[in-house]
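**Q** Next up, run37.cif (mmCIF, C-alpha atoms).
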data_structure
#
loop_
_atom_site.label_atom_id
_atom_site.label_comp_id
_atom_site.auth_asym_id
_atom_site.auth_seq_id
_atom_site.Cartn_x
_atom_site.Cartn_y
_atom_site.Cartn_z
CA ASN A 10 28.88 -21.92 -34.03
CA ASP A 11 29.02 -22.44 -30.26
CA ILE A 12 25.83 -20.44 -29.63
CA ASP A 13 22.48 -22.21 -29.69
CA LEU A 14 20.34 -19.60 -31.42
CA GLU A 15 17.16 -21.40 -30.38
CA HIS A 16 17.87 -20.90 -26.68
CA ILE A 17 18.79 -17.28 -26.08
CA ALA A 18 17.43 -15.33 -23.09
CA THR A 19 17.51 -11.62 -22.34
CA THR A 20 17.83 -10.40 -18.77
CA GLY A 21 18.57 -7.29 -16.77
CA HIS A 22 18.05 -5.70 -13.38
CA SER A 23 15.97 -2.60 -12.62
CA ARG A 24 16.20 -0.39 -15.73
CA GLY A 25 17.88 -3.30 -17.51
CA GLY A 26 14.91 -5.47 -16.55
CA LYS A 27 12.56 -3.05 -18.28
CA MET A 28 14.64 -3.33 -21.44
CA ALA A 29 14.87 -7.12 -21.17
CA LEU A 30 11.09 -7.50 -21.09
CA LEU A 31 10.53 -5.01 -23.91
CA THR A 32 13.22 -6.63 -26.07
CA ALA A 33 11.72 -10.10 -25.75
CA ALA A 34 8.22 -8.77 -26.38
CA LEU A 35 9.30 -7.21 -29.68
CA ASP A 36 11.96 -9.67 -30.86
CA GLU A 37 10.91 -13.31 -31.21
CA ARG A 38 14.51 -14.47 -31.53
CA PHE A 39 14.66 -14.43 -27.74
CA ALA A 40 13.25 -17.61 -26.22
CA MET A 41 13.05 -16.24 -22.68
CA ALA A 42 12.67 -12.89 -20.89
CA ILE A 43 14.07 -12.45 -17.38
CA PRO A 44 13.14 -9.02 -15.96
CA ASN A 45 14.60 -8.72 -12.45
CA GLN A 46 12.84 -6.23 -10.15
CA SER A 47 12.00 -4.09 -13.16
CA GLY A 48 9.18 -2.04 -11.60
CA ALA A 49 7.35 0.72 -13.45
CA GLY A 50 7.77 0.39 -17.19
CA GLY A 51 8.78 -3.24 -16.72
CA SER A 52 6.86 -5.94 -14.87
CA GLY A 53 5.07 -3.60 -12.46
CA CYS A 54 1.43 -2.74 -13.04
CA TYR A 55 0.60 0.97 -13.37
CA ARG A 56 -2.96 0.62 -12.08
CA ILE A 57 -2.25 -1.49 -8.99
CA LEU A 58 0.24 0.09 -6.59
CA GLY A 59 1.47 -1.18 -3.28
CA PRO A 60 2.67 1.41 -0.75
CA GLY A 61 5.91 3.00 -1.87
CA ALA A 62 5.63 1.88 -5.48
CA GLU A 63 6.98 4.16 -8.19
CA THR A 64 4.26 5.89 -10.17
CA LEU A 65 4.25 7.62 -13.52
CA GLY A 66 3.68 10.99 -11.88
CA MET A 67 6.71 10.77 -9.60
CA ASN A 68 9.16 9.37 -12.14
CA ASP A 69 12.34 11.43 -12.07
CA LYS A 70 13.91 9.77 -15.12
CA PRO A 71 11.61 10.83 -17.98
CA TRP A 72 14.21 9.83 -20.57
CA TRP A 73 13.30 6.21 -19.81
CA TYR A 74 9.85 6.71 -21.33
CA HIS A 75 8.16 8.17 -24.37
CA GLU A 76 7.17 11.74 -23.60
CA ARG A 77 3.49 11.05 -24.24
CA ILE A 78 3.18 8.57 -21.38
CA GLN A 79 3.92 11.32 -18.86
CA TRP A 80 0.43 12.68 -19.52
CA PHE A 81 -0.97 9.62 -17.75
CA GLY A 82 0.76 10.46 -14.47
CA GLU A 83 -2.02 10.40 -11.85
CA ARG A 84 -4.38 9.54 -14.72
CA GLU A 85 -3.49 5.86 -14.90
CA GLU A 86 -7.12 4.86 -15.35
CA TYR A 87 -6.97 6.28 -18.90
CA LEU A 88 -3.99 4.20 -20.02
CA PRO A 89 -5.03 2.04 -23.01
CA PHE A 90 -2.69 -0.72 -21.80
CA ASP A 91 -0.81 -2.01 -18.78
CA GLN A 92 2.33 -4.05 -18.34
CA HIS A 93 0.68 -7.46 -18.62
CA PHE A 94 0.47 -6.66 -22.36
CA LEU A 95 4.27 -6.95 -22.63
CA LYS A 96 4.34 -10.27 -20.82
CA ALA A 97 1.53 -11.57 -23.01
CA LEU A 98 3.52 -10.60 -26.12
CA VAL A 99 6.32 -12.90 -24.99
CA ALA A 100 3.99 -15.94 -25.05
CA PRO A 101 4.33 -18.73 -26.07
CA ARG A 102 7.97 -18.13 -25.18
CA ALA A 103 9.00 -18.02 -21.51
CA VAL A 104 9.15 -15.14 -19.03
CA ILE A 105 10.22 -15.18 -15.39
CA SER A 106 9.86 -12.10 -13.15
CA ASN A 107 12.05 -12.10 -10.04
CA GLU A 108 10.88 -9.88 -7.17
CA ALA A 109 11.87 -8.99 -3.59
CA PHE A 110 9.35 -8.38 -0.82
CA GLU A 111 11.22 -5.40 0.62
CA ASP A 112 11.80 -3.69 -2.74
CA LEU A 113 8.64 -1.60 -2.44
CA PHE A 114 9.66 0.91 -5.10
CA ALA A 115 9.63 -1.83 -7.77
CA ASN A 116 6.01 -2.62 -6.86
CA PRO A 117 6.12 -6.35 -6.00
CA LEU A 118 2.33 -6.32 -5.59
CA GLY A 119 1.74 -4.80 -9.02
CA THR A 120 4.16 -7.27 -10.58
CA GLN A 121 2.15 -10.16 -9.21
CA VAL A 122 -1.01 -8.61 -10.66
CA SER A 123 0.54 -8.17 -14.12
CA SER A 124 1.77 -11.78 -14.11
CA MET A 125 -1.66 -13.05 -13.11
CA ALA A 126 -3.33 -10.98 -15.85
CA ALA A 127 -0.84 -12.14 -18.51
CA GLN A 128 -1.44 -15.75 -17.55
CA GLU A 129 -4.64 -15.69 -19.62
CA ALA A 130 -2.53 -15.45 -22.79
CA PHE A 131 -0.21 -18.25 -21.69
CA ARG A 132 -3.19 -20.48 -20.86
CA PHE A 133 -4.77 -19.71 -24.24
CA LEU A 134 -1.57 -20.87 -25.94
CA ASP A 135 -1.45 -23.94 -23.67
CA VAL A 136 1.86 -22.96 -22.04
CA PRO A 137 0.90 -21.70 -18.55
CA GLU A 138 4.13 -23.05 -17.06
CA LYS A 139 6.16 -20.60 -19.19
CA ASN A 140 4.92 -17.59 -17.22
CA ALA A 141 6.78 -17.50 -13.90
CA ILE A 142 7.09 -15.17 -10.94
CA THR A 143 9.26 -15.66 -7.86
CA TYR A 144 9.82 -13.79 -4.60
CA ARG A 145 12.59 -13.60 -2.05
CA HIS A 146 13.47 -11.40 0.91
CA GLY A 147 15.77 -8.47 0.39
CA GLY A 148 16.05 -5.21 -1.46
CA HIS A 149 16.81 -3.94 -4.94
CA SER A 150 19.60 -6.23 -6.13
CA PHE A 151 20.50 -9.16 -8.41
CA THR A 152 21.46 -11.98 -6.05
CA THR A 153 22.87 -15.49 -6.21
CA ASP A 154 19.41 -16.75 -5.27
CA ASP A 155 17.97 -14.96 -8.32
CA TRP A 156 20.55 -16.56 -10.61
CA GLU A 157 19.91 -20.02 -9.20
CA LYS A 158 16.19 -19.67 -9.96
CA ILE A 159 16.90 -18.31 -13.44
CA LEU A 160 19.22 -21.19 -14.34
CA SER A 161 16.76 -23.75 -12.98
CA PHE A 162 13.95 -22.19 -15.02
CA ALA A 163 16.15 -22.24 -18.14
CA GLU A 164 17.09 -25.89 -17.55
CA TRP A 165 13.39 -26.71 -17.52
CA HIS A 166 12.35 -24.85 -20.64
CA PHE A 167 15.52 -25.11 -22.71
CA PHE A 168 16.43 -28.72 -21.92
CA ASN A 169 13.21 -30.23 -20.54
CA ARG A 170 14.63 -30.77 -17.05
CA PRO A 171 11.79 -29.65 -14.78
CA PRO A 172 12.30 -29.12 -11.04
CA GLU A 173 10.81 -31.56 -8.57
CA ASP A 174 8.20 -28.99 -7.60
CA LYS A 175 7.10 -26.80 -10.50
CA ARG A 176 5.15 -24.57 -8.13
CA ILE A 177 8.37 -22.84 -7.11
CA PHE A 178 8.04 -20.79 -10.30
CA TRP A 179 4.52 -19.54 -9.62
CA ASN A 180 4.59 -17.57 -6.37
CA THR A 181 1.54 -15.41 -5.68
CA PRO A 182 2.04 -14.65 -1.97
CA LEU A 183 0.59 -11.13 -1.97
CA PRO A 184 -3.22 -11.23 -1.74
CA LEU A 185 -4.80 -8.00 -2.91
CA ALA A 186 -6.72 -7.67 0.35
CA GLY A 187 -4.03 -8.12 2.98
CA LEU A 188 -0.64 -7.53 1.45
CA ASP A 189 2.20 -8.98 3.47
CA PHE A 190 5.76 -8.14 2.44
CA LYS A 191 7.06 -11.12 4.40
CA GLY A 192 5.50 -13.54 1.96
CA ARG A 193 3.27 -15.38 4.38
CA SER A 194 0.14 -16.94 2.92
CA SER A 195 -3.25 -16.40 4.52
CA SER A 196 -4.54 -19.06 6.88
CA SER A 197 -8.20 -19.89 7.32
CA ALA A 198 -7.58 -21.24 10.81
CA THR A 199 -9.00 -19.29 13.73
CA ARG A 200 -6.25 -17.76 15.84
CA ARG A 201 -6.05 -18.91 19.46
CA ASP A 202 -4.18 -15.93 20.82
CA ALA A 203 -4.85 -14.36 24.17
CA VAL A 204 -7.54 -11.74 23.68
CA HIS A 205 -9.29 -9.04 25.60
CA GLY A 206 -12.91 -9.47 26.36
CA LYS A 207 -15.34 -7.47 24.28
CA SER A 208 -13.58 -4.17 23.68
CA ARG A 209 -14.13 -1.89 26.62
CA GLU A 210 -15.29 1.71 26.49
CA PRO A 211 -12.96 4.23 28.11
CA SER A 212 -14.08 5.73 31.40
CA PRO A 213 -15.52 9.29 31.36
CA GLN A 214 -12.15 10.57 32.62
CA GLU A 215 -10.22 8.64 29.98
CA PRO A 216 -10.21 10.12 26.46
CA PHE A 217 -11.06 7.79 23.59
CA MET A 218 -8.19 9.16 21.53
CA SER A 219 -5.25 11.44 22.25
CA PHE A 220 -4.63 14.51 20.08
CA VAL A 221 -1.95 17.19 19.85
CA LYS A 222 -2.61 20.79 18.82
CA VAL A 223 -1.12 22.08 15.59
CA GLY A 224 -0.94 25.87 15.54
CA ASP A 225 1.18 28.40 13.65
CA LEU A 226 -1.62 29.52 11.37
CA GLY A 227 -0.61 31.00 8.06
CA ASN A 228 2.61 29.03 7.71
CA LYS A 229 4.04 28.76 4.22
CA ALA A 230 4.11 25.52 2.26
CA ASP A 231 7.30 23.57 1.77
CA LYS A 232 9.35 23.78 -1.43
CA ASN A 233 8.18 22.10 -4.61
CA PHE A 234 10.59 19.17 -4.74
CA TYR A 235 10.94 17.70 -8.23
CA GLY A 236 7.65 19.20 -9.35
CA ARG A 237 5.56 17.01 -7.06
CA GLY A 238 3.55 19.83 -5.55
CA VAL A 239 3.75 21.99 -2.45
CA PHE A 240 2.36 20.84 0.89
CA GLY A 241 2.16 21.86 4.52
CA ASP A 242 0.31 25.19 4.51
CA VAL A 243 -2.79 25.06 6.72
CA ASP A 244 -4.69 28.25 7.55
CA SER A 245 -6.87 26.89 10.36
CA ALA A 246 -6.11 25.41 13.76
CA TYR A 247 -6.59 21.69 14.19
CA GLU A 248 -5.54 18.78 16.32
CA ILE A 249 -4.08 15.56 14.98
CA GLY A 250 -3.98 12.12 16.53
CA THR A 251 -0.92 11.67 18.70
CA ARG A 252 -0.69 8.20 17.21
CA ARG A 253 -2.44 6.24 14.49
CA VAL A 254 -5.79 4.57 15.21
CA THR A 255 -5.19 1.38 17.20
CA ASN A 256 -6.69 -2.09 17.11
CA GLU A 257 -8.51 -1.44 20.37
CA GLN A 258 -10.10 1.77 19.08
CA TYR A 259 -11.12 0.15 15.82
CA ALA A 260 -12.58 -2.87 17.65
CA MET A 261 -14.78 -0.50 19.67
CA PHE A 262 -15.96 0.93 16.36
CA LEU A 263 -16.74 -2.54 15.03
CA ASN A 264 -18.63 -3.53 18.18
CA ALA A 265 -20.71 -0.37 17.84
CA VAL A 266 -21.68 -0.65 14.15
CA ALA A 267 -20.72 -4.04 12.72
CA ALA A 268 -22.98 -6.66 14.31
CA SER A 269 -23.80 -7.01 10.63
CA ASP A 270 -21.12 -5.67 8.34
CA PRO A 271 -22.46 -4.78 4.87
CA SER A 272 -19.63 -2.30 4.24
CA GLY A 273 -16.89 -4.82 5.01
CA LEU A 274 -15.33 -2.80 7.83
CA PHE A 275 -13.77 -5.99 9.19
CA ASN A 276 -11.21 -7.77 7.05
CA PRO A 277 -10.69 -11.49 7.85
CA ASP A 278 -6.95 -10.89 7.54
CA MET A 279 -7.18 -8.96 10.82
CA GLN A 280 -7.86 -12.33 12.42
CA GLU A 281 -6.11 -14.82 10.17
CA ARG A 282 -2.77 -13.16 9.53
CA PRO A 283 -0.04 -12.75 12.14
CA GLU A 284 0.11 -8.97 11.63
CA GLY A 285 -3.60 -8.53 12.44
CA GLY A 286 -4.94 -7.71 15.89
CA ILE A 287 -8.74 -8.15 15.91
CA LEU A 288 -10.86 -11.31 16.16
CA ARG A 289 -14.50 -11.64 15.08
CA LEU A 290 -16.85 -13.98 16.90
CA GLY A 291 -20.43 -15.06 16.27
CA SER A 292 -22.61 -15.06 13.17
CA PRO A 293 -24.01 -12.31 10.88
CA GLY A 294 -26.28 -10.01 12.84
CA GLU A 295 -24.62 -11.01 16.11
CA TYR A 296 -20.93 -10.36 15.42
CA THR A 297 -18.73 -9.22 18.30
CA TYR A 298 -15.07 -8.27 18.16
CA ARG A 299 -12.13 -8.77 20.48
CA VAL A 300 -8.54 -7.61 20.45
CA ARG A 301 -5.42 -9.72 20.78
CA THR A 302 -3.86 -8.58 24.04
CA GLU A 303 -0.39 -7.88 22.66
CA ALA A 304 -1.86 -5.98 19.68
CA ALA A 305 -4.33 -3.71 21.49
CA SER A 306 -2.19 -0.56 21.28
CA LYS A 307 -0.72 -1.33 17.87
CA THR A 308 -1.85 0.33 14.66
CA VAL A 309 -4.94 -1.22 13.11
CA ASN A 310 -4.17 -2.49 9.62
CA PHE A 311 -5.96 -4.18 6.70
CA ILE A 312 -7.98 -0.96 6.43
CA SER A 313 -9.16 0.53 3.15
CA TRP A 314 -9.41 4.26 2.53
CA TYR A 315 -13.20 3.91 2.72
CA ASP A 316 -12.99 2.16 6.10
CA ALA A 317 -10.98 5.10 7.44
CA LEU A 318 -13.60 7.61 6.28
CA ARG A 319 -16.41 5.60 7.89
CA PHE A 320 -14.50 5.49 11.18
CA CYS A 321 -14.24 9.30 11.02
CA ASN A 322 -17.98 9.58 10.37
CA TRP A 323 -18.60 7.47 13.48
CA LEU A 324 -16.43 9.82 15.55
CA HIS A 325 -18.17 12.87 14.07
CA ASN A 326 -21.56 11.41 14.98
CA GLY A 327 -20.58 10.88 18.62
CA ARG A 328 -19.58 7.18 18.47
CA PRO A 329 -23.16 5.86 18.25
CA SER A 330 -24.19 2.20 18.24
CA GLY A 331 -26.45 0.78 15.56
CA ARG A 332 -26.62 -0.37 11.98
CA GLN A 333 -24.31 1.09 9.37
CA GLY A 334 -26.30 4.01 8.04
CA ALA A 335 -26.60 7.79 7.94
CA ALA A 336 -26.61 8.07 11.73
CA THR A 337 -23.45 6.02 12.19
CA THR A 338 -21.05 5.50 9.26
CA GLU A 339 -22.55 6.76 6.00
CA SER A 340 -22.87 10.45 6.77
CA GLY A 341 -21.23 13.06 8.95
CA ALA A 342 -17.79 14.27 7.93
CA TYR A 343 -18.22 12.49 4.57
CA ALA A 344 -21.44 11.66 2.71
CA PHE A 345 -21.50 8.18 1.17
CA SER A 346 -23.92 7.42 -1.67
CA GLY A 347 -22.93 3.78 -2.06
CA LYS A 348 -20.33 1.42 -0.69
CA GLU A 349 -17.50 3.15 -2.56
CA SER A 350 -18.94 6.51 -3.59
CA VAL A 351 -18.19 9.40 -1.26
CA GLY A 352 -18.01 13.17 -1.39
CA GLU A 353 -15.41 15.56 -0.02
CA ARG A 354 -15.02 16.48 3.64
CA GLY A 355 -18.01 18.47 4.87
CA GLY A 356 -17.55 22.03 6.07
CA LYS A 357 -18.88 21.20 9.55
CA ALA A 358 -16.84 18.05 10.07
CA ARG A 359 -15.66 17.61 13.66
CA PHE A 360 -13.37 14.65 12.99
CA ALA A 361 -11.82 13.67 9.66
CA LEU A 362 -9.08 11.71 7.97
CA SER A 363 -6.01 13.92 7.90
CA SER A 364 -5.56 15.85 4.69
CA GLU A 365 -2.16 15.70 3.02
CA ASN A 366 -1.38 19.26 4.11
CA GLU A 367 -2.47 18.56 7.70
CA TRP A 368 -0.33 15.43 7.87
CA TYR A 369 2.67 17.12 6.25
CA LYS A 370 2.61 20.13 8.55
CA ALA A 371 2.18 18.04 11.71
CA ALA A 372 5.06 15.78 10.68
CA TYR A 373 7.67 18.16 9.26
CA PHE A 374 7.03 21.80 10.16
CA ALA A 375 8.55 23.77 13.03
CA PRO A 376 8.49 27.58 13.46
CA ARG A 377 11.68 29.35 12.40
CA ARG A 378 13.05 26.05 11.09
CA GLY A 379 10.65 25.45 8.24
CA TYR A 380 10.39 21.85 7.14
CA SER A 381 13.67 20.44 8.37
CA LEU A 382 12.25 17.79 10.68
CA MET A 383 12.51 14.18 9.50
CA ASN A 384 13.64 15.48 6.13
CA ILE A 385 17.17 14.06 6.20
CA LEU A 386 18.87 10.80 5.39
CA GLY A 387 18.50 8.17 8.05
CA ARG A 388 16.68 5.04 9.01
CA ALA A 389 13.11 4.46 10.11
CA VAL A 390 12.68 4.65 13.87
CA GLU A 391 11.33 1.69 15.81
CA ARG A 392 9.78 3.38 18.89
CA PRO A 393 6.92 5.94 18.76
CA GLU A 394 8.57 8.16 21.37
CA ASP A 395 11.64 8.48 19.15
CA SER A 396 9.70 10.01 16.28
CA LYS A 397 7.90 12.97 17.85
CA SER A 398 7.32 15.91 15.59
CA HIS A 399 7.56 19.51 16.77
CA TYR A 400 3.90 19.38 17.78
CA GLY A 401 4.21 16.06 19.63
CA ALA A 402 2.73 13.70 17.04
CA GLU A 403 4.29 10.23 17.12
CA GLU A 404 4.78 7.40 14.61
CA MET A 405 5.19 9.73 11.63
CA ALA A 406 8.70 8.51 10.83
CA ASP A 407 8.33 4.77 11.19
CA LYS A 408 7.69 2.00 8.68
CA PHE A 409 3.90 2.22 8.48
CA TRP A 410 2.05 4.08 5.75
CA GLU A 411 -0.96 6.29 6.45
CA TRP A 412 -3.97 7.05 4.29
CA ASN A 413 -4.74 10.73 3.77
CA GLU A 414 -7.63 12.51 2.07
CA SER A 415 -5.86 13.26 -1.21
CA VAL A 416 -7.70 12.01 -4.28
CA VAL A 417 -4.69 11.57 -6.55
CA SER A 418 -6.63 9.94 -9.38
CA LYS A 419 -9.71 7.81 -9.89
CA LEU A 420 -7.56 4.81 -9.00
CA GLY A 421 -5.46 6.19 -6.16
CA ARG A 422 -5.59 7.89 -2.76
CA GLY A 423 -2.75 9.54 -0.93
CA LEU A 424 -0.23 7.82 1.35
CA ARG A 425 2.45 9.34 3.55
CA SER A 426 5.21 7.74 5.59
CA GLY A 427 8.61 8.44 7.02
CA GLY A 428 9.82 4.92 6.34
CA TRP A 429 12.97 5.41 4.26
CA PHE A 430 13.71 2.53 1.95
CA GLN A 431 14.60 4.15 -1.37
CA GLY A 432 16.46 7.25 -2.43
CA ASN A 433 13.38 8.67 -4.12
CA ASN A 434 11.48 9.07 -0.84
CA ARG A 435 14.26 9.90 1.60
CA GLN A 436 12.66 13.29 1.99
CA ALA A 437 9.27 14.83 2.50
CA ALA A 438 8.94 14.98 -1.28
CA GLY A 439 8.38 11.22 -1.34
CA ARG A 440 4.72 11.34 -2.27
CA PHE A 441 2.97 8.04 -2.96
CA PHE A 442 -0.50 6.66 -3.37
CA SER A 443 -2.28 3.33 -3.55
CA ASN A 444 -5.62 1.96 -4.69
CA GLN A 445 -8.32 3.03 -2.26
CA GLU A 446 -9.74 -0.50 -1.96
CA MET A 447 -6.41 -1.89 -0.78
CA GLU A 448 -6.43 -3.35 2.73
CA LEU A 449 -2.79 -4.09 3.46
CA SER A 450 -0.70 -5.08 6.45
CA ASN A 451 1.42 -1.92 6.38
CA ILE A 452 -1.22 0.80 5.96
CA GLY A 453 -3.07 2.51 8.81
CA PHE A 454 -4.59 5.95 9.28
CA ARG A 455 -4.64 8.99 11.54
CA VAL A 456 -7.57 11.22 12.54
CA VAL A 457 -7.71 15.00 12.85
CA LYS A 458 -9.98 16.88 15.23
CA LEU A 459 -11.20 20.12 13.76
CA THR A 460 -11.60 23.18 15.97
CA GLU A 461 -13.63 26.31 15.45
#
What is this file in structure tokens?

**A**
Amino acid sequence: NDIDLEHIATTGHSRGGKMALLTAALDERFAMAIPNQSGAGGSGCYRILGPGAETLGMNDKPWWYHERIQWFGEREEYLPFDQHFLKALVAPRAVISNEAFEDLFANPLGTQVSSMAAQEAFRFLDVPEKNAITYRHGGHSFTTDDWEKILSFAEWHFFNRPPEDKRIFWNTPLPLAGLDFKGRSSSSATRRDAVHGKSREPSPQEPFMSFVKVGDLGNKADKNFYGRGVFGDVDSAYEIGTRRVTNEQYAMFLNAVAASDPSGLFNPDMQERPEGGILRLGSPGEYTYRVRTEAASKTVNFISWYDALRFCNWLHNGRPSGRQGAATTESGAYAFSGKESVGERGGKARFALSSENEWYKAAYFAPRRGYSLMNILGRAVERPEDSKSHYGAEEMADKFWEWNESVVSKLGRGLRSGGWFQGNNRQAAGRFFSNQEMELSNIGFRVVKLTE
């Protein structure tokens, strides 16, 4: 008699969060669902994946799912549903998803997307305020801060005691173009940072980009960890960028081919967000680009997979200047037949985006030692010189992610990183992917130079 059956909520963390959302979706006796960092199978979207997000294909706990859903691993585009369906089933009752910016494995970006998609159902039923999503800093845990938000949300919807600012329960801090895991919102104000002049060209004695040679032809691939495939065997010699492409190098590219920018090679977040490093000046047809002084040698970010391929085409074609077309960005190593339609690497490519095997070998392999490098428990390094591979490549064990050529599915392209944040990718087997249109603050890319 002491329980108010009209005001019962179901909650849980991680796997428990998946069950909490499913329970409320299927059982209308629950007035509120509170999935906390529930990730794949819970609040996280299968089709939209931030770097490091768990995917169907990499799931190592198949007993959490119906066996038939495993078929959709790396075929997410064929799923007849996504997780916003579960949230919509809760309406007109209440649901609050609690997320953490640093809990990449639980896909905080995809959770925002599923909440935004489900909001259509809540609006249709005239209860938009009953669909909530909140973010905080931290990792995969159920904190006092989470509980305070949950109790405040319950006070509002169970007892009609709304907070002073209702917007605290609708956080959408992660824009799809320019993801920032620190929760900063984009600013439209022009940055007034110190900048270089128009990006300079290197002198004839100064190479545009530094490469290291990767030899040991005929090496064997690494082991097949958890059935995620074998990687690292490369039969031909190649060179790989010592470091990722920098803001200064990318600004030179923009100044050469993006006076007009029909392909969207420049992302405004490069200028407007604190993590960006490139400024655009002028008007369409007369754009010029400059680099923030302190960011010149840092990794260029807010780059889509397509942007990376076009940069490689420009290198292949000899770094020409002119409109974006076959002679500059649309042909060469990769043949584009539209803004987002591109073929495989050409057989005569001179520069290219690193393949997954090329990246893996350069990062992890060493003769007589196999794939032991950077394949142990530890923390992400902070300085490039502290993360050299056997071949001398740097920045392959830090917190940035790097696009590679792998076409994982129609919706995803390969990512690699040595940034350890979750048990599932504390080894080279941590294979991830993201949507190829994504232009995020923690994704860059690395070029390979192909030799005869």

**Q** Of the candidates A:Glu83, A:Glu129, A:Glu281, A:Glu448, which one gets nearest to Ala97 in chain A if we count all atoms listed in the file?

**A**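 Residue with the minimum atom-to-atom distance to Ala97 in chain A: A:Glu129.
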
**Q** Have a look at CA of Lys139 in chain A and CA of Tyr55 in chain A and let me know their distance in Å, one decimal.

**A**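 So the two atoms, CA of Lys139 in chain A and CA of Tyr55 in chain A, lie 23.0 Å apart.
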
**Q** My list of candidates is A:Val457, A:Ala402, A:Ala344, A:Ile452. Which is closest to Arg425 in chain A when distances are computed with all atoms listed in the file?

**A**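 The closest residue to Arg425 in chain A is A:Ile452.
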
**Q** Would you list the contacts of Gln121 in chain A as a VMD selection string, taking every protein, DNA or RNA residue within 9 Å and counting all atoms listed in the file, but skipping same-chain residues closer than 5 positions in sequence?

**A** chain A and resid 52 to 54 106 108 116 126 142 180 to 183

**Q** Could you give me, as a ChimeraX atom specification, the residues within 12 Å of His149 in chain A, counting all atoms listed in the file and dropping anything in the same chain fewer than 3 positions from it?

**A** /A:22-24,26,45-48,107-117,145-146,152,155,430-432

**Q** Within 12 Å of Phe275 in chain A, counting only C-alpha atoms, which residues show up once you throw out same-chain ones fewer than 3 positions away? Write them as a count of residues only, please.

**A** 41

**Q** Point out the residue among A:Met41, A:Met405, A:Leu160, A:Val136 with the least atom-to-atom distance to Glu15 in chain A, counting all atoms listed in the file.

**A**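 The closest residue to Glu15 in chain A is A:Met41.
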
**Q** For the structure provided, state which residues fall under the PyMOL selection byres ((chain A and resi 171-177) around 10), and present them as JSON, numbers by chain.

**A** {"A": [138, 141, 142, 143, 144, 158, 161, 162, 163, 164, 165, 166, 167, 168, 169, 170, 178, 179, 180]}

**Q** Would you export the selected residues with C-alpha atoms as a compact mmCIF listing (two decimals), in the frame of the given file, please?

**A**
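Here's the written file result_16.txt:
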# COMPACT_ATOMS: atom_id res chain seq x y z
CA GLU A 138 4.13 -23.05 -17.06
CA ALA A 141 6.78 -17.50 -13.90
CA ILE A 142 7.09 -15.17 -10.94
CA THR A 143 9.26 -15.66 -7.86
CA TYR A 144 9.82 -13.79 -4.60
CA LYS A 158 16.19 -19.67 -9.96
CA SER A 161 16.76 -23.75 -12.98
CA PHE A 162 13.95 -22.19 -15.02
CA ALA A 163 16.15 -22.24 -18.14
CA GLU A 164 17.09 -25.89 -17.55
CA TRP A 165 13.39 -26.71 -17.52
CA HIS A 166 12.35 -24.85 -20.64
CA PHE A 167 15.52 -25.11 -22.71
CA PHE A 168 16.43 -28.72 -21.92
CA ASN A 169 13.21 -30.23 -20.54
CA ARG A 170 14.63 -30.77 -17.05
CA PHE A 178 8.04 -20.79 -10.30
CA TRP A 179 4.52 -19.54 -9.62
CA ASN A 180 4.59 -17.57 -6.37

**Q** Apply the PyMOL selection byres ((chain A and resi 215-230) around 7) to the file shown and report the selected residues as a PyMOL selection string.

**A** chain A and resi 211-214+231-232+239-251+371+400-402

**Q** Any idea what the distance is between CA of Thr338 in chain A and CA of Glu365 in chain A?

**A**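 Those two atoms sit 22.4 Å apart.
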
**Q** Give me the box for range 120-132 of chain A as lines of an AutoDock Vina configuration file, namely the centre and edge lengths in Å to one decimal of a box along x, y and z that holds every listed atom plus 5 Å on each side.

**A**
center_x = -0.2
center_y = -13.9
center_z = -16.0
size_x = 18.8
size_y = 23.2
size_z = 23.6

**Q** To one decimal in Å, tell me the separation between CA of Arg332 in chain A and CA of Arg282 in chain A.

**A**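 Separating CA of Arg332 in chain A from CA of Arg282 in chain A is a distance of 27.2 Å.
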
**Q** Can you list what the PyMOL selection byres ((chain A and resi 37) around 10) grabs from this structure, as an NGL selection string?

**A** :A and (32-36 or 38-41 or 98-102)
